[in-house]
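Asks: Sending over work.tsv (TSV, C-alpha atoms (C1' of nucleotides)).
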```tsv
chain	number	residue	atom	x	y	z
A	175	MET	CA	30.30	12.04	5.68
A	176	GLY	CA	30.20	15.51	7.20
A	177	ARG	CA	26.89	15.84	5.42
A	178	ALA	CA	25.43	12.74	6.98
A	179	LYS	CA	26.62	13.61	10.45
A	180	SER	CA	25.21	17.12	10.38
A	181	GLN	CA	21.97	15.84	8.90
A	182	ALA	CA	21.64	13.39	11.77
A	183	SER	CA	22.28	16.01	14.43
A	184	TYR	CA	19.87	18.36	12.72
A	185	LEU	CA	17.20	15.69	13.08
A	186	GLU	CA	18.09	15.22	16.74
A	187	GLN	CA	17.72	18.95	17.33
A	188	ALA	CA	14.37	19.01	15.61
A	189	LEU	CA	13.11	16.09	17.65
A	190	ARG	CA	14.45	17.41	20.93
A	191	ALA	CA	12.76	20.73	20.23
A	192	ASP	CA	9.50	18.82	20.20
A	193	GLY	CA	10.06	17.25	23.59
A	194	VAL	CA	11.12	13.96	22.08
A	195	ARG	CA	13.85	12.04	23.87
A	196	ILE	CA	16.99	11.09	22.03
A	197	THR	CA	17.65	7.50	22.95
A	198	ARG	CA	20.47	5.18	21.96
A	199	GLN	CA	18.15	3.49	19.45
A	200	ARG	CA	17.03	6.73	17.89
A	201	THR	CA	20.56	7.98	17.51
A	202	ALA	CA	21.38	4.78	15.64
A	203	LEU	CA	18.38	5.07	13.34
A	204	LEU	CA	19.06	8.72	12.57
A	205	LYS	CA	22.64	7.88	11.69
A	206	VAL	CA	21.48	5.11	9.37
A	207	LEU	CA	18.92	7.38	7.75
A	208	ALA	CA	21.42	10.17	7.24
A	209	GLU	CA	23.94	7.83	5.67
A	210	ALA	CA	21.48	6.05	3.39
A	211	LYS	CA	21.99	6.87	-0.23
A	212	ASP	CA	19.15	4.59	-1.33
A	213	HIS	CA	15.53	4.37	-0.19
A	214	PRO	CA	15.50	1.58	2.41
A	215	ASP	CA	12.40	-0.02	3.88
A	216	ALA	CA	11.77	-0.49	7.61
A	217	ASN	CA	13.32	-3.93	7.60
A	218	GLU	CA	16.49	-2.76	5.93
A	219	LEU	CA	16.76	0.20	8.29
A	220	HIS	CA	16.34	-2.24	11.15
A	221	SER	CA	19.24	-4.41	9.96
A	222	ARG	CA	21.49	-1.43	9.45
A	223	ALA	CA	20.62	0.11	12.81
A	224	ARG	CA	21.17	-3.21	14.57
A	225	GLU	CA	24.80	-3.05	13.53
A	226	ILE	CA	25.15	0.09	15.58
A	227	ASP	CA	22.79	-0.91	18.38
A	228	PRO	CA	21.91	-4.62	18.45
A	229	THR	CA	19.11	-4.07	20.96
A	230	MET	CA	17.09	-2.12	18.37
A	231	SER	CA	13.72	-3.71	17.65
A	232	LEU	CA	11.66	-3.43	14.48
A	233	ALA	CA	8.80	-1.91	16.47
A	234	THR	CA	11.04	0.94	17.55
A	235	VAL	CA	12.14	1.49	13.97
A	236	TYR	CA	8.51	1.86	12.94
A	237	ARG	CA	7.64	4.03	15.91
A	238	THR	CA	10.54	6.37	15.30
A	239	LEU	CA	9.88	6.58	11.58
A	240	THR	CA	6.25	7.42	12.25
A	241	ALA	CA	7.32	10.15	14.66
A	242	LEU	CA	9.82	11.57	12.19
A	243	GLU	CA	7.23	11.47	9.46
A	244	GLN	CA	4.74	13.36	11.59
A	245	GLN	CA	7.31	16.09	12.17
A	246	GLY	CA	7.80	16.20	8.41
A	247	LEU	CA	11.44	15.18	8.81
A	248	VAL	CA	11.14	11.93	6.89
A	249	HIS	CA	9.12	10.93	3.85
A	250	ARG	CA	7.40	7.57	3.50
A	251	HIS	CA	6.97	6.26	-0.03
A	252	VAL	CA	4.73	3.33	-0.80
A	253	PHE	CA	5.59	2.08	-4.27
A	254	GLU	CA	3.55	-0.57	-6.05
A	255	GLY	CA	3.49	-3.98	-4.43
A	256	ALA	CA	6.32	-3.24	-2.04
A	257	SER	CA	6.71	-2.21	1.58
A	258	ALA	CA	7.12	1.43	2.48
A	259	ARG	CA	10.49	3.04	1.87
A	260	PHE	CA	11.86	5.99	3.80
A	261	GLU	CA	14.15	8.92	3.18
A	262	ILE	CA	15.11	12.08	5.01
A	263	ALA	CA	12.88	14.93	3.91
A	264	ASP	CA	14.80	17.01	1.45
A	265	ALA	CA	14.41	20.76	1.18
A	266	ARG	CA	13.74	20.39	-2.51
A	267	HIS	CA	10.81	18.22	-3.41
A	268	HIS	CA	11.35	15.47	-5.94
A	269	ASP	CA	9.54	12.58	-7.55
A	270	HIS	CA	10.69	9.07	-8.43
A	271	ILE	CA	11.50	6.78	-11.28
A	272	ILE	CA	11.23	3.15	-10.17
A	273	ASP	CA	13.34	0.67	-12.13
A	274	ILE	CA	10.91	-2.24	-12.22
A	275	ASP	CA	13.65	-4.74	-13.02
A	276	LYS	CA	16.25	-3.79	-10.45
A	277	GLY	CA	14.00	-2.10	-7.90
A	278	GLU	CA	16.30	0.91	-7.96
A	279	ILE	CA	14.89	4.36	-7.29
A	280	ILE	CA	15.97	7.43	-9.22
A	281	GLU	CA	14.96	10.89	-8.08
A	282	PHE	CA	14.01	13.69	-10.41
A	283	ARG	CA	12.52	17.15	-10.29
A	284	SER	CA	10.22	18.86	-12.75
A	285	PRO	CA	9.02	22.34	-11.88
A	286	GLU	CA	7.26	22.33	-15.21
A	287	ILE	CA	5.07	19.35	-14.23
A	288	GLU	CA	4.47	20.87	-10.80
A	289	ARG	CA	3.17	23.99	-12.48
A	290	LEU	CA	0.80	21.98	-14.64
A	291	GLN	CA	-0.43	20.09	-11.60
A	292	GLU	CA	-1.27	23.35	-9.89
A	293	GLN	CA	-3.22	24.47	-12.92
A	294	ILE	CA	-5.19	21.23	-13.02
A	295	ALA	CA	-6.05	21.36	-9.32
A	296	GLU	CA	-7.00	25.01	-9.68
A	297	ARG	CA	-9.26	24.21	-12.59
A	298	HIS	CA	-11.15	21.73	-10.42
A	299	GLY	CA	-11.41	24.10	-7.47
A	300	TYR	CA	-8.80	22.35	-5.38
A	301	GLU	CA	-5.50	23.19	-3.80
A	302	ILE	CA	-2.79	20.54	-3.68
A	303	VAL	CA	-1.78	19.36	-0.23
A	304	SER	CA	0.68	16.78	-1.49
A	305	HIS	CA	1.22	14.79	-4.59
A	306	LYS	CA	2.82	11.66	-5.87
A	307	LEU	CA	4.34	11.12	-9.27
A	308	GLU	CA	5.95	7.77	-9.95
A	309	LEU	CA	7.30	6.52	-13.24
A	310	TYR	CA	7.61	2.73	-13.34
A	311	CYS	CA	10.30	2.20	-15.95
A	312	ARG	CA	12.59	-0.23	-17.66
A	313	LYS	CA	16.06	0.54	-19.00
A	314	LYS	CA	15.90	1.33	-22.69
A	315	ALA	CA	17.10	-1.46	-24.99
A	316	THR	CA	19.10	0.57	-27.49
B	120	MET	CA	-27.71	1.89	-18.20
B	121	GLY	CA	-27.17	0.63	-21.69
B	122	ARG	CA	-23.58	1.67	-21.23
B	123	ALA	CA	-23.10	-0.37	-18.11
B	124	LYS	CA	-24.77	-3.43	-19.54
B	125	SER	CA	-22.71	-3.44	-22.70
B	126	GLN	CA	-19.55	-2.79	-20.72
B	127	ALA	CA	-20.31	-5.82	-18.56
B	128	SER	CA	-20.92	-8.10	-21.51
B	129	TYR	CA	-17.78	-6.81	-23.18
B	130	LEU	CA	-15.82	-7.91	-20.12
B	131	GLU	CA	-17.52	-11.32	-20.22
B	132	GLN	CA	-16.53	-11.74	-23.85
B	133	ALA	CA	-12.95	-10.79	-23.12
B	134	LEU	CA	-12.75	-13.24	-20.23
B	135	ARG	CA	-14.43	-16.06	-22.12
B	136	ALA	CA	-12.00	-15.55	-24.98
B	137	ASP	CA	-9.26	-16.37	-22.50
B	138	GLY	CA	-10.84	-19.64	-21.44
B	139	VAL	CA	-12.17	-18.14	-18.24
B	140	ARG	CA	-15.55	-19.39	-17.05
B	141	ILE	CA	-18.37	-16.94	-16.52
B	142	THR	CA	-19.91	-17.91	-13.22
B	143	ARG	CA	-22.88	-16.51	-11.39
B	144	GLN	CA	-20.51	-14.69	-9.02
B	145	ARG	CA	-18.46	-13.21	-11.81
B	146	THR	CA	-21.51	-11.98	-13.63
B	147	ALA	CA	-22.57	-10.19	-10.47
B	148	LEU	CA	-19.17	-8.59	-9.96
B	149	LEU	CA	-18.93	-7.45	-13.57
B	150	LYS	CA	-22.35	-5.88	-13.31
B	151	VAL	CA	-21.34	-4.04	-10.16
B	152	LEU	CA	-18.09	-2.88	-11.73
B	153	ALA	CA	-19.83	-1.66	-14.86
B	154	GLU	CA	-22.40	0.27	-12.87
B	155	ALA	CA	-19.93	1.83	-10.45
B	156	LYS	CA	-19.51	5.53	-10.97
B	157	ASP	CA	-17.04	5.81	-8.12
B	158	HIS	CA	-13.84	3.91	-7.34
B	159	PRO	CA	-14.89	1.19	-4.88
B	160	ASP	CA	-12.53	-1.03	-2.91
B	161	ALA	CA	-12.80	-4.82	-2.73
B	162	ASN	CA	-14.95	-4.71	0.34
B	163	GLU	CA	-17.41	-2.29	-1.19
B	164	LEU	CA	-17.57	-4.36	-4.38
B	165	HIS	CA	-18.22	-7.38	-2.22
B	166	SER	CA	-21.20	-5.74	-0.49
B	167	ARG	CA	-22.65	-4.55	-3.76
B	168	ALA	CA	-22.20	-7.91	-5.46
B	169	ARG	CA	-23.75	-9.72	-2.49
B	170	GLU	CA	-26.99	-7.91	-3.18
B	171	ILE	CA	-27.10	-9.63	-6.53
B	172	ASP	CA	-25.61	-12.93	-5.43
B	173	PRO	CA	-25.52	-13.41	-1.65
B	174	THR	CA	-23.24	-16.42	-1.94
B	175	MET	CA	-20.40	-14.25	-3.21
B	176	SER	CA	-17.32	-14.37	-0.98
B	177	LEU	CA	-14.65	-11.74	-0.56
B	178	ALA	CA	-12.02	-14.20	-1.74
B	179	THR	CA	-13.81	-14.56	-5.05
B	180	VAL	CA	-14.04	-10.80	-5.40
B	181	TYR	CA	-10.28	-10.57	-4.99
B	182	ARG	CA	-9.60	-13.51	-7.29
B	183	THR	CA	-11.79	-12.12	-10.03
B	184	LEU	CA	-10.37	-8.63	-9.72
B	185	THR	CA	-6.86	-10.03	-9.95
B	186	ALA	CA	-7.82	-11.97	-13.07
B	187	LEU	CA	-9.43	-8.92	-14.65
B	188	GLU	CA	-6.41	-6.83	-13.78
B	189	GLN	CA	-4.06	-9.33	-15.41
B	190	GLN	CA	-6.08	-9.15	-18.61
B	191	GLY	CA	-5.79	-5.39	-18.40
B	192	LEU	CA	-9.56	-5.04	-18.09
B	193	VAL	CA	-9.54	-3.45	-14.66
B	194	HIS	CA	-7.17	-1.01	-12.98
B	195	ARG	CA	-6.16	-1.25	-9.35
B	196	HIS	CA	-5.29	2.01	-7.61
B	197	VAL	CA	-3.59	2.08	-4.25
B	198	PHE	CA	-3.98	5.54	-2.80
B	199	GLU	CA	-2.24	6.65	0.37
B	200	GLY	CA	-3.22	4.83	3.53
B	201	ALA	CA	-6.23	3.15	2.02
B	202	SER	CA	-7.11	-0.20	0.53
B	203	ALA	CA	-6.93	-0.72	-3.21
B	204	ARG	CA	-9.70	0.73	-5.33
B	205	PHE	CA	-10.81	-0.66	-8.66
B	206	GLU	CA	-12.26	0.65	-11.88
B	207	ILE	CA	-12.92	-0.72	-15.34
B	208	ALA	CA	-9.98	0.02	-17.60
B	209	ASP	CA	-10.83	2.97	-19.72
B	210	ALA	CA	-9.60	3.40	-23.26
B	211	ARG	CA	-8.21	6.79	-22.37
B	212	HIS	CA	-5.69	6.88	-19.59
B	213	HIS	CA	-6.28	9.28	-16.74
B	214	ASP	CA	-4.84	10.25	-13.39
B	215	HIS	CA	-6.52	11.16	-10.10
B	216	ILE	CA	-7.22	13.97	-7.72
B	217	ILE	CA	-7.99	12.61	-4.26
B	218	ASP	CA	-10.14	14.83	-2.06
B	219	ILE	CA	-8.42	14.20	1.28
B	220	ASP	CA	-11.42	15.43	3.25
B	221	LYS	CA	-14.21	13.56	1.53
B	222	GLY	CA	-12.21	10.69	0.05
B	223	GLU	CA	-13.75	11.45	-3.32
B	224	ILE	CA	-11.80	10.70	-6.48
B	225	ILE	CA	-11.78	13.00	-9.48
B	226	GLU	CA	-10.28	11.88	-12.77
B	227	PHE	CA	-8.29	14.13	-15.05
B	228	ARG	CA	-6.13	13.87	-18.11
B	229	SER	CA	-3.04	15.86	-19.08
B	230	PRO	CA	-1.30	14.94	-22.32
B	231	GLU	CA	1.09	17.78	-21.58
B	232	ILE	CA	2.28	16.17	-18.35
B	233	GLU	CA	2.50	12.78	-20.07
B	234	ARG	CA	4.77	14.30	-22.66
B	235	LEU	CA	7.03	15.77	-19.99
B	236	GLN	CA	7.15	12.43	-18.21
B	237	GLU	CA	8.34	10.76	-21.40
B	238	GLN	CA	11.07	13.34	-21.76
B	239	ILE	CA	12.24	12.82	-18.20
B	240	ALA	CA	12.35	9.04	-18.54
B	241	GLU	CA	14.14	9.39	-21.85
B	242	ARG	CA	16.71	11.69	-20.30
B	243	HIS	CA	17.51	8.99	-17.73
B	244	GLY	CA	17.69	6.22	-20.33
B	245	TYR	CA	14.39	4.64	-19.35
B	246	GLU	CA	11.10	3.88	-21.00
B	247	ILE	CA	7.91	4.21	-19.00
B	248	VAL	CA	5.99	1.00	-18.43
B	249	SER	CA	3.31	2.61	-16.30
B	250	HIS	CA	3.00	5.64	-14.14
B	251	LYS	CA	1.04	7.06	-11.27
B	252	LEU	CA	0.14	10.66	-10.72
B	253	GLU	CA	-1.99	11.51	-7.73
B	254	LEU	CA	-2.88	14.94	-6.41
B	255	TYR	CA	-3.97	14.87	-2.78
B	256	CYS	CA	-6.14	17.96	-2.53
B	257	ARG	CA	-8.48	20.00	-0.45
B	258	LYS	CA	-11.36	22.12	-1.74
B	259	LYS	CA	-10.29	25.71	-2.10
B	260	ALA	CA	-11.56	28.14	0.51
B	261	THR	CA	-12.20	30.77	-2.16
C	259	DT	C1'	-17.55	-35.21	-17.71
C	260	DT	C1'	-13.82	-32.38	-16.92
C	261	DT	C1'	-11.48	-29.18	-14.44
C	262	DA	C1'	-11.98	-24.22	-13.41
C	263	DC	C1'	-14.15	-21.98	-9.76
C	264	DT	C1'	-16.13	-21.45	-5.10
C	265	DG	C1'	-16.53	-20.67	0.05
C	266	DC	C1'	-14.23	-21.21	4.10
C	267	DA	C1'	-10.64	-20.77	7.10
C	268	DA	C1'	-5.96	-20.44	7.64
C	269	DA	C1'	-1.80	-18.17	6.04
C	270	DT	C1'	0.75	-13.95	4.49
C	271	DA	C1'	3.10	-9.66	4.84
C	272	DC	C1'	3.59	-5.44	6.74
C	273	DT	C1'	2.67	-2.44	10.43
C	274	DT	C1'	0.74	-1.10	14.88
C	275	DT	C1'	-0.15	-1.69	19.80
C	276	DG	C1'	-0.62	-3.26	24.93
C	277	DC	C1'	2.21	-4.02	28.66
C	278	DA	C1'	5.68	-4.20	32.07
C	279	DA	C1'	10.43	-2.99	32.32
C	280	DT	C1'	13.99	0.56	31.26
C	281	DG	C1'	16.43	4.82	30.92
C	282	DG	C1'	16.74	9.84	29.30
C	283	DG	C1'	16.60	14.50	31.03
D	221	DC	C1'	12.40	10.95	39.94
D	222	DC	C1'	9.03	10.94	36.29
D	223	DC	C1'	7.18	9.59	32.31
D	224	DA	C1'	8.63	8.87	27.40
D	225	DT	C1'	10.51	4.96	25.22
D	226	DT	C1'	11.73	0.17	24.69
D	227	DG	C1'	11.42	-5.01	23.47
D	228	DC	C1'	8.41	-8.54	23.09
D	229	DA	C1'	4.54	-10.75	21.66
D	230	DA	C1'	0.04	-10.31	20.31
D	231	DA	C1'	-3.26	-7.84	17.43
D	232	DG	C1'	-4.51	-5.51	13.21
D	233	DT	C1'	-5.27	-4.85	8.07
D	234	DA	C1'	-5.64	-6.03	3.53
D	235	DT	C1'	-4.97	-9.64	0.54
D	236	DT	C1'	-3.80	-14.40	-0.87
D	237	DT	C1'	-4.05	-19.38	-0.78
D	238	DG	C1'	-4.93	-24.62	0.29
D	239	DC	C1'	-8.53	-27.67	0.15
D	240	DA	C1'	-12.54	-30.28	-0.71
D	241	DG	C1'	-16.84	-29.55	-2.68
D	242	DT	C1'	-19.56	-27.28	-6.75
D	243	DA	C1'	-20.83	-26.01	-11.20
D	244	DA	C1'	-19.64	-24.11	-15.98
D	245	DA	C1'	-19.08	-25.73	-20.72
```
Could you write out this structure as structure tokens?
Replies:
Amino acid sequence: MGRAKSQASYLEQALRADGVRITRQRTALLKVLAEAKDHPDANELHSRAREIDPTMSLATVYRTLTALEQQGLVHRHVFEGASARFEIADARHHDHIIDIDKGEIIEFRSPEIERLQEQIAERHGYEIVSHKLELYCRKKAT
Amino acid sequence: MGRAKSQASYLEQALRADGVRITRQRTALLKVLAEAKDHPDANELHSRAREIDPTMSLATVYRTLTALEQQGLVHRHVFEGASARFEIADARHHDHIIDIDKGEIIEFRSPEIERLQEQIAERHGYEIVSHKLELYCRKKAT
DNA sequence: TTTACTGCAAATACTTTGCAATGGG
DNA sequence: CCCATTGCAAAGTATTTGCAGTAAA
């Protein structure tokens, strides 16, 4: 819980530094984001934030998320056939396994794949600005 | 051109085999798909097909694409912040580099990365049903 | 002839935006 | 006190769908 709290205040600092005002609604959303262990969508974040501040509107959730995303503080993931999901930007980049039955998201990291990606881009005369690797999976029968 | 023509009639065969009727509109769309060297979206396919059959509606484009996708004959790609793009399903799987300045799409293949993906899924107790690897790139300054 | 397919317009689903009121700094 | 931010409702996008008419096979 210390983790979540400090993460939230870190985000506030970062926003404030950019001349952004910390409102009641934003404090609530940041708290919800910092405490989320899953990858909630805007609607889910709205419900959770409403429990802290019932005046919070969905529009504000979207506006704040967009702002946070533009500062690079939050990542927006658009998985197949679903609405966008959000998570606090982590220092260490990771990709996702999507459990197509349960909708669960599992994070993973593969420096080895990243290296290969760089090589491929290089080979085509490009430099990677961002990338997306998603594995749509099903639990193994076994 | 022979390539495109035979590809189109192959798709017709495959559809027909499934009890799907080959209409004037569908013939036009299949032709357009087979001739496309890029990755057009529904709207673009609609414009191109209209030149062959002006009665073609956007709804029919979407309906036919959905049908083709369900038969596995066409792939739908949803790149960041853009509408879905379609291409005839290729025998050999490939992933994409997206030129974020020009919007161009470059295809590439990496059996090495595929192998690593399998390992990762395996390690988490999953089997991959499908995956998506997209490199959002910018031409190198050199 | 049968019934899958079509165009059209309306419906979705998610996200963004205009506006007047509110409140953070 | 000023202007960024808010809630609300309306507007956007991209895609899907209901319906009555049309046309493959």
Asks: Considering all atoms listed in the file, state which residue in the set B:Arg140, B:His194, B:His250, B:Lys156 is at the smallest distance from chain C.
Replies: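 Closest to chain C, using all atoms listed in the file: B:Arg140.
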Asks: Once chain B has been least-squares superposed onto chain A, matching all their Cα atoms in order, can you return it as an mmCIF file with C-alpha atoms, in the frame of the given file?
Replies:
```cif
data_model
loop_
_atom_site.group_PDB
_atom_site.id
_atom_site.type_symbol
_atom_site.label_atom_id
_atom_site.label_comp_id
_atom_site.auth_asym_id
_atom_site.auth_seq_id
_atom_site.Cartn_x
_atom_site.Cartn_y
_atom_site.Cartn_z
ATOM 1 C CA MET B 120 30.457 11.902 5.775
ATOM 2 C CA GLY B 121 30.340 15.342 7.262
ATOM 3 C CA ARG B 122 27.052 15.722 5.466
ATOM 4 C CA ALA B 123 25.533 12.655 7.021
ATOM 5 C CA LYS B 124 26.726 13.505 10.492
ATOM 6 C CA SER B 125 25.370 17.025 10.416
ATOM 7 C CA GLN B 126 22.111 15.806 8.926
ATOM 8 C CA ALA B 127 21.743 13.351 11.800
ATOM 9 C CA SER B 128 22.393 15.957 14.457
ATOM 10 C CA TYR B 129 20.004 18.333 12.737
ATOM 11 C CA LEU B 130 17.292 15.699 13.080
ATOM 12 C CA GLU B 131 18.178 15.224 16.757
ATOM 13 C CA GLN B 132 17.844 18.948 17.349
ATOM 14 C CA ALA B 133 14.493 19.057 15.614
ATOM 15 C CA LEU B 134 13.196 16.130 17.650
ATOM 16 C CA ARG B 135 14.541 17.441 20.939
ATOM 17 C CA ALA B 136 12.889 20.778 20.249
ATOM 18 C CA ASP B 137 9.607 18.892 20.222
ATOM 19 C CA GLY B 138 10.183 17.320 23.614
ATOM 20 C CA VAL B 139 11.165 14.010 22.087
ATOM 21 C CA ARG B 140 13.885 12.053 23.869
ATOM 22 C CA ILE B 141 17.021 11.087 22.006
ATOM 23 C CA THR B 142 17.635 7.482 22.914
ATOM 24 C CA ARG B 143 20.428 5.152 21.965
ATOM 25 C CA GLN B 144 18.108 3.457 19.457
ATOM 26 C CA ARG B 145 17.021 6.706 17.894
ATOM 27 C CA THR B 146 20.562 7.907 17.515
ATOM 28 C CA ALA B 147 21.358 4.711 15.654
ATOM 29 C CA LEU B 148 18.366 5.036 13.347
ATOM 30 C CA LEU B 149 19.092 8.678 12.573
ATOM 31 C CA LYS B 150 22.658 7.794 11.718
ATOM 32 C CA VAL B 151 21.490 5.051 9.386
ATOM 33 C CA LEU B 152 18.948 7.345 7.758
ATOM 34 C CA ALA B 153 21.490 10.102 7.261
ATOM 35 C CA GLU B 154 23.988 7.734 5.697
ATOM 36 C CA ALA B 155 21.504 5.997 3.416
ATOM 37 C CA LYS B 156 22.027 6.822 -0.215
ATOM 38 C CA ASP B 157 19.175 4.586 -1.296
ATOM 39 C CA HIS B 158 15.544 4.388 -0.186
ATOM 40 C CA PRO B 159 15.464 1.598 2.414
ATOM 41 C CA ASP B 160 12.333 0.042 3.882
ATOM 42 C CA ALA B 161 11.713 -0.425 7.605
ATOM 43 C CA ASN B 162 13.195 -3.870 7.612
ATOM 44 C CA GLU B 163 16.380 -2.752 5.924
ATOM 45 C CA LEU B 164 16.693 0.197 8.310
ATOM 46 C CA HIS B 165 16.223 -2.234 11.152
ATOM 47 C CA SER B 166 19.098 -4.454 9.982
ATOM 48 C CA ARG B 167 21.384 -1.500 9.469
ATOM 49 C CA ALA B 168 20.538 0.045 12.827
ATOM 50 C CA ARG B 169 21.039 -3.293 14.590
ATOM 51 C CA GLU B 170 24.671 -3.197 13.566
ATOM 52 C CA ILE B 171 25.045 -0.060 15.618
ATOM 53 C CA ASP B 172 22.674 -1.020 18.407
ATOM 54 C CA PRO B 173 21.746 -4.716 18.453
ATOM 55 C CA THR B 174 18.955 -4.135 20.946
ATOM 56 C CA MET B 175 16.971 -2.158 18.388
ATOM 57 C CA SER B 176 13.568 -3.684 17.637
ATOM 58 C CA LEU B 177 11.520 -3.363 14.487
ATOM 59 C CA ALA B 178 8.690 -1.805 16.467
ATOM 60 C CA THR B 179 10.964 1.020 17.536
ATOM 61 C CA VAL B 180 12.087 1.545 13.962
ATOM 62 C CA TYR B 181 8.466 1.959 12.925
ATOM 63 C CA ARG B 182 7.610 4.165 15.891
ATOM 64 C CA THR B 183 10.544 6.457 15.278
ATOM 65 C CA LEU B 184 9.903 6.673 11.559
ATOM 66 C CA THR B 185 6.283 7.557 12.227
ATOM 67 C CA ALA B 186 7.376 10.275 14.643
ATOM 68 C CA LEU B 187 9.899 11.662 12.173
ATOM 69 C CA GLU B 188 7.309 11.586 9.428
ATOM 70 C CA GLN B 189 4.825 13.521 11.553
ATOM 71 C CA GLN B 190 7.417 16.222 12.132
ATOM 72 C CA GLY B 191 7.935 16.312 8.392
ATOM 73 C CA LEU B 192 11.555 15.229 8.790
ATOM 74 C CA VAL B 193 11.222 11.987 6.874
ATOM 75 C CA HIS B 194 9.174 11.004 3.836
ATOM 76 C CA ARG B 195 7.450 7.664 3.476
ATOM 77 C CA HIS B 196 7.005 6.354 -0.059
ATOM 78 C CA VAL B 197 4.743 3.444 -0.833
ATOM 79 C CA PHE B 198 5.603 2.160 -4.274
ATOM 80 C CA GLU B 199 3.571 -0.492 -6.047
ATOM 81 C CA GLY B 200 3.489 -3.894 -4.412
ATOM 82 C CA ALA B 201 6.284 -3.166 -2.000
ATOM 83 C CA SER B 202 6.670 -2.108 1.598
ATOM 84 C CA ALA B 203 7.110 1.545 2.465
ATOM 85 C CA ARG B 204 10.491 3.113 1.847
ATOM 86 C CA PHE B 205 11.889 6.038 3.781
ATOM 87 C CA GLU B 206 14.192 8.950 3.146
ATOM 88 C CA ILE B 207 15.191 12.099 4.982
ATOM 89 C CA ALA B 208 12.986 14.974 3.900
ATOM 90 C CA ASP B 209 14.866 17.043 1.430
ATOM 91 C CA ALA B 210 14.474 20.783 1.136
ATOM 92 C CA ARG B 211 13.727 20.421 -2.542
ATOM 93 C CA HIS B 212 10.799 18.252 -3.441
ATOM 94 C CA HIS B 213 11.342 15.496 -5.959
ATOM 95 C CA ASP B 214 9.531 12.595 -7.554
ATOM 96 C CA HIS B 215 10.699 9.086 -8.445
ATOM 97 C CA ILE B 216 11.529 6.790 -11.289
ATOM 98 C CA ILE B 217 11.290 3.168 -10.176
ATOM 99 C CA ASP B 218 13.410 0.702 -12.130
ATOM 100 C CA ILE B 219 10.977 -2.228 -12.225
ATOM 101 C CA ASP B 220 13.734 -4.711 -13.017
ATOM 102 C CA LYS B 221 16.318 -3.743 -10.443
ATOM 103 C CA GLY B 222 14.057 -2.052 -7.903
ATOM 104 C CA GLU B 223 16.352 0.954 -7.968
ATOM 105 C CA ILE B 224 14.937 4.404 -7.302
ATOM 106 C CA ILE B 225 16.012 7.476 -9.224
ATOM 107 C CA GLU B 226 14.970 10.934 -8.092
ATOM 108 C CA PHE B 227 14.012 13.720 -10.446
ATOM 109 C CA ARG B 228 12.486 17.147 -10.310
ATOM 110 C CA SER B 229 10.165 18.874 -12.776
ATOM 111 C CA PRO B 230 8.927 22.347 -11.892
ATOM 112 C CA GLU B 231 7.132 22.309 -15.224
ATOM 113 C CA ILE B 232 5.009 19.313 -14.244
ATOM 114 C CA GLU B 233 4.379 20.828 -10.808
ATOM 115 C CA ARG B 234 3.052 23.930 -12.476
ATOM 116 C CA LEU B 235 0.701 21.899 -14.653
ATOM 117 C CA GLN B 236 -0.503 19.982 -11.617
ATOM 118 C CA GLU B 237 -1.391 23.243 -9.897
ATOM 119 C CA GLN B 238 -3.355 24.334 -12.928
ATOM 120 C CA ILE B 239 -5.281 21.079 -13.040
ATOM 121 C CA ALA B 240 -6.160 21.201 -9.349
ATOM 122 C CA GLU B 241 -7.149 24.831 -9.704
ATOM 123 C CA ARG B 242 -9.394 24.009 -12.633
ATOM 124 C CA HIS B 243 -11.259 21.506 -10.443
ATOM 125 C CA GLY B 244 -11.541 23.908 -7.508
ATOM 126 C CA TYR B 245 -8.930 22.153 -5.399
ATOM 127 C CA GLU B 246 -5.635 23.015 -3.810
ATOM 128 C CA ILE B 247 -2.903 20.406 -3.691
ATOM 129 C CA VAL B 248 -1.893 19.243 -0.235
ATOM 130 C CA SER B 249 0.612 16.695 -1.479
ATOM 131 C CA HIS B 250 1.161 14.710 -4.594
ATOM 132 C CA LYS B 251 2.792 11.582 -5.879
ATOM 133 C CA LEU B 252 4.345 11.077 -9.257
ATOM 134 C CA GLU B 253 5.988 7.760 -9.966
ATOM 135 C CA LEU B 254 7.344 6.496 -13.261
ATOM 136 C CA TYR B 255 7.664 2.720 -13.356
ATOM 137 C CA CYS B 256 10.376 2.205 -15.945
ATOM 138 C CA ARG B 257 12.660 -0.195 -17.672
ATOM 139 C CA LYS B 258 16.134 0.581 -19.008
ATOM 140 C CA LYS B 259 15.980 1.382 -22.682
ATOM 141 C CA ALA B 260 17.226 -1.283 -25.064
ATOM 142 C CA THR B 261 18.941 1.347 -27.208
#
```
Asks: I want to know what sits within 8 Å of range 236-246 of chain A, based on only C-alpha atoms (C1' of nucleotides), with residues of the same chain fewer than 6 positions away left out; could you give that as a PyMOL selection string?
Replies: (chain A and resi 189+200+216+263) or (chain C and resi 273)
Asks: Compute the set of chain B residues within 12 Å of chain D, using all atoms listed in the file, and express it as a list in words.
Replies: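 Written out as asked, the residues are Arg135, Gly138, Val139, Arg140, Ile141, Thr142, Arg143, Gln144, Arg145, Asp160, Ala161, Asn162, Leu177, Ala178, Thr179, Val180, Tyr181, Arg182, Leu184, Thr185, Val197, Gly200, Ala201, Ser202, Ala203 and Arg204 of chain B.
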Asks: Might you pull out every residue within 10 Å of range 147-151 of chain B, with all atoms listed in the file counted and same-chain residues fewer than 6 positions away left off, and present them as number ranges by chain?
Replies: B: 123-131, 141, 159, 163-173, 175, 179-180, 183-184, 187, 207
Asks: Mind dumping a table of every chain C residue within 10 Å of chain A, with the nearest atom pair and its distance in Å to one decimal, using all atoms listed in the file, sorted by chain and rising number, as a tab-separated table?
Replies:
```
residue	atom	partner	partner_atom	distance
C:DA271	C1'	A:Ser257	CA	8.9
C:DC272	C1'	A:Ser257	CA	6.8
C:DT273	C1'	A:Tyr236	CA	7.7
C:DT274	C1'	A:Ala233	CA	8.3
C:DT275	C1'	A:Ala233	CA	9.6
C:DG281	C1'	A:Thr197	CA	8.5
C:DG282	C1'	A:Arg195	CA	6.5
C:DG283	C1'	A:Arg195	CA	8.1
```
